[in-house]
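A.B. asks: Below you will find the structure I want to go over with you.
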Amino acid sequence: MSYHYLLDLAIILMSTKILGLVTKKFHMPQVVGALLAGLILGPAMLNIIQETEFIKQTAELGVIALMFAAGLETDIKEMKKTGKASIIIALFGVIIPLLGGLAVAALLNTKEFAVPETPMILQNIFVGIILTATSVSITVETLKEMGKLSTPVGNAILGAALIDDILGIIALTLITSLADTSVNVGIVLLKIALFFVFSGIIGFGFYRFFRKWTMKDDEDRRRYVIIAFVFCLLLAYIAEEVFGVADITGAFLAGLIISNTIKRDYISHRFETMSYLLLSPVFFASIGLTVEIEQMSIQLMIFAGALLIVAILTKIIGCGIGAKFCGYSGKEALQIGTGMISRGEVALIVASKGASLGLLSTVLFGPIVIMVVVTTILTPILLKMVFKNSEVENRRTEKKTVKVA
């Protein structure tokens, strides 16, 4: 038995932390540093670490942990506040990027970059699904810094991003099921519906049990975290093995169910330690390990550039149109669209899942990682710009009003 995996883990954890702190110094999310760590350590540059079966499996567990945490952090009450507006904004924010990504892939994705066993149309649609993702965590941090999170625009962005993720998960589940040509679409949709019905029944039962159990004791106990994670793993397993639904869908719903209990914050805090300590760094580094720069031909660089431009414009335009339909002003629509640009870890999770199922060639990971990193870096910058411009214009309007008066 080889113990080299221990050395791999030590290098991954140290490098992701160091580069995460470096990127934080430049006011960028630490996830960018973790991605860079994988790129530097992997075949793309130094080739110190290769993707092993152990790293793959640990990374898969990291995906489940991230989606469980996302479900835990989802505020259903906050979603209700924006209601109809968030749904409309999210719908446009999914449909327009999906079509934009499909168009880019249809024009630039060639057989040379494709997975031979999977129909090209499914692979192209999957590129569009990757672009539907939104990483709201980066936007939330930026809006907090600017004191804009509790504004109508901030609430709209938060609500739409949460619904956006749910729609993205449903789309991911559907496309991964369709990857098998022998599967009937009607049966796929029925299984998805049955899974959500099953999750609702089981979730309600578990919620009642967990709520009664935790309310008996005022103290916070580690057993609550263990049972919560067991529920997450079981629902993820049942989703994948019984209903043919992506395991991350089960993990997300498990987190969503537990998010309504009084122990949510305690569980989230404890669980975050495990995810932060081991699972998340390995997952993000593993994405970088799959990238091979030598494969980044001129054609792939063009693909990356086109994907990046479309990723930015489709969120601004799509969410902006949805916001306008809901009565927001032009400035507010621009702010909402800008707040939805970042793809972050959500797009990486979707891309990683697609690659494991043969819906995306690993050759295309380079362009996708470039798109994710650049949108992650650009979002805080662009948000500050659109809000700053709005404040400057408001001051000018106030001055003019004073003069007229």
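Chains: A, B, ... in order of the structure tokens. Residues: from 1 per chain. Ligands: from 1, in order shown.
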Mind running region 114-194 of chain A against region 304-309 of chain A at 10 Å and telling me each contacting residue's nearest atom pair with the distance in Å (one decimal), counting only C-alpha atoms, chain and number ascending, as a Markdown table?
C.D. replies:
| residue | atom | partner | partner_atom | distance |
| --- | --- | --- | --- | --- |
| A:Val127 | CA | A:Leu307 | CA | 9.1 |
| A:Gly128 | CA | A:Leu307 | CA | 9.6 |
| A:Leu131 | CA | A:Leu307 | CA | 8.6 |
A.B. asks: Which residues, written as a ChimeraX atom specification, have at least one atom at most 9 Å from Ser286 (chain A), with only C-alpha atoms counted and residues fewer than 4 positions away on the same chain left out?
C.D. replies: /A:35,38-39,42,50-51,55-56,59,281-282,290
A.B. asks: For Ile349 (chain A), which residue among A:Ile48, A:Ala34, A:Leu149, A:Ile287 is the nearest when counting only C-alpha atoms?
C.D. replies: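 For Ile349 (chain A), the nearest of the given residues is A:Ile287.
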A.B. asks: Between A:Gly354, A:Gly159, A:Gly250, A:Gly322, which one has atoms that come closest to Asn124 (chain A), using only C-alpha atoms?
C.D. replies: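 Of A:Gly354, A:Gly159, A:Gly250, A:Gly322, the one nearest Asn124 (chain A) is A:Gly354, counting only C-alpha atoms.
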A.B. asks: Measure the distance from CA of Ile89 (chain A) to CA of Cys319 (chain A) in Å and round it to one decimal.
C.D. replies: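 The value is 5.0 Å.
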A.B. asks: Applying 7 Å and only C-alpha atoms, which residues near region 361-363 of chain A remain after dropping the ones on its own chain fewer than 5 positions away? List them as a list of chain:residue names.
C.D. replies: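 Everything that qualifies: A:Phe113, A:Ala114, A:Val115, A:Thr290, A:Gln295, A:Ala355.
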A.B. asks: Next, the residues of the selection above should be written as a compact mmCIF listing (two decimals), in the first residue's frame with C-alpha atoms.
C.D. replies:
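part.txt written:
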# COMPACT_ATOMS: atom_id res chain seq x y z
CA PHE A 113 -12.74 18.54 -28.10
CA ALA A 114 -15.78 16.31 -27.67
CA VAL A 115 -16.43 13.10 -25.75
CA THR A 290 -7.47 18.43 -14.58
CA GLN A 295 -3.86 21.54 -24.83
CA ALA A 355 -17.00 15.57 -16.85
A.B. asks: Could you tell me which of A:Met146, A:Leu9, A:Leu107, A:Ile175 comes closest to Leu122 (chain A) if we count only C-alpha atoms?
C.D. replies: A:Ile175
A.B. asks: Using only C-alpha atoms, find the one residue out of A:Ile341, A:Ile267, A:Ile64, A:Leu289 that sits nearest to Ile226 (chain A).
C.D. replies: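 Checking each candidate against Ile226 (chain A), we get A:Ile267 as the closest.
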A.B. asks: From a DSSP pass on the backbone, collect the residues of region 82-329 of chain A flagged as helix (DSSP H, G or I) and hand them back as number ranges by chain.
C.D. replies: A: 82-108, 120-132, 136-146, 152-178, 185-215, 222-241, 247-258, 264-289, 293-295, 298-325
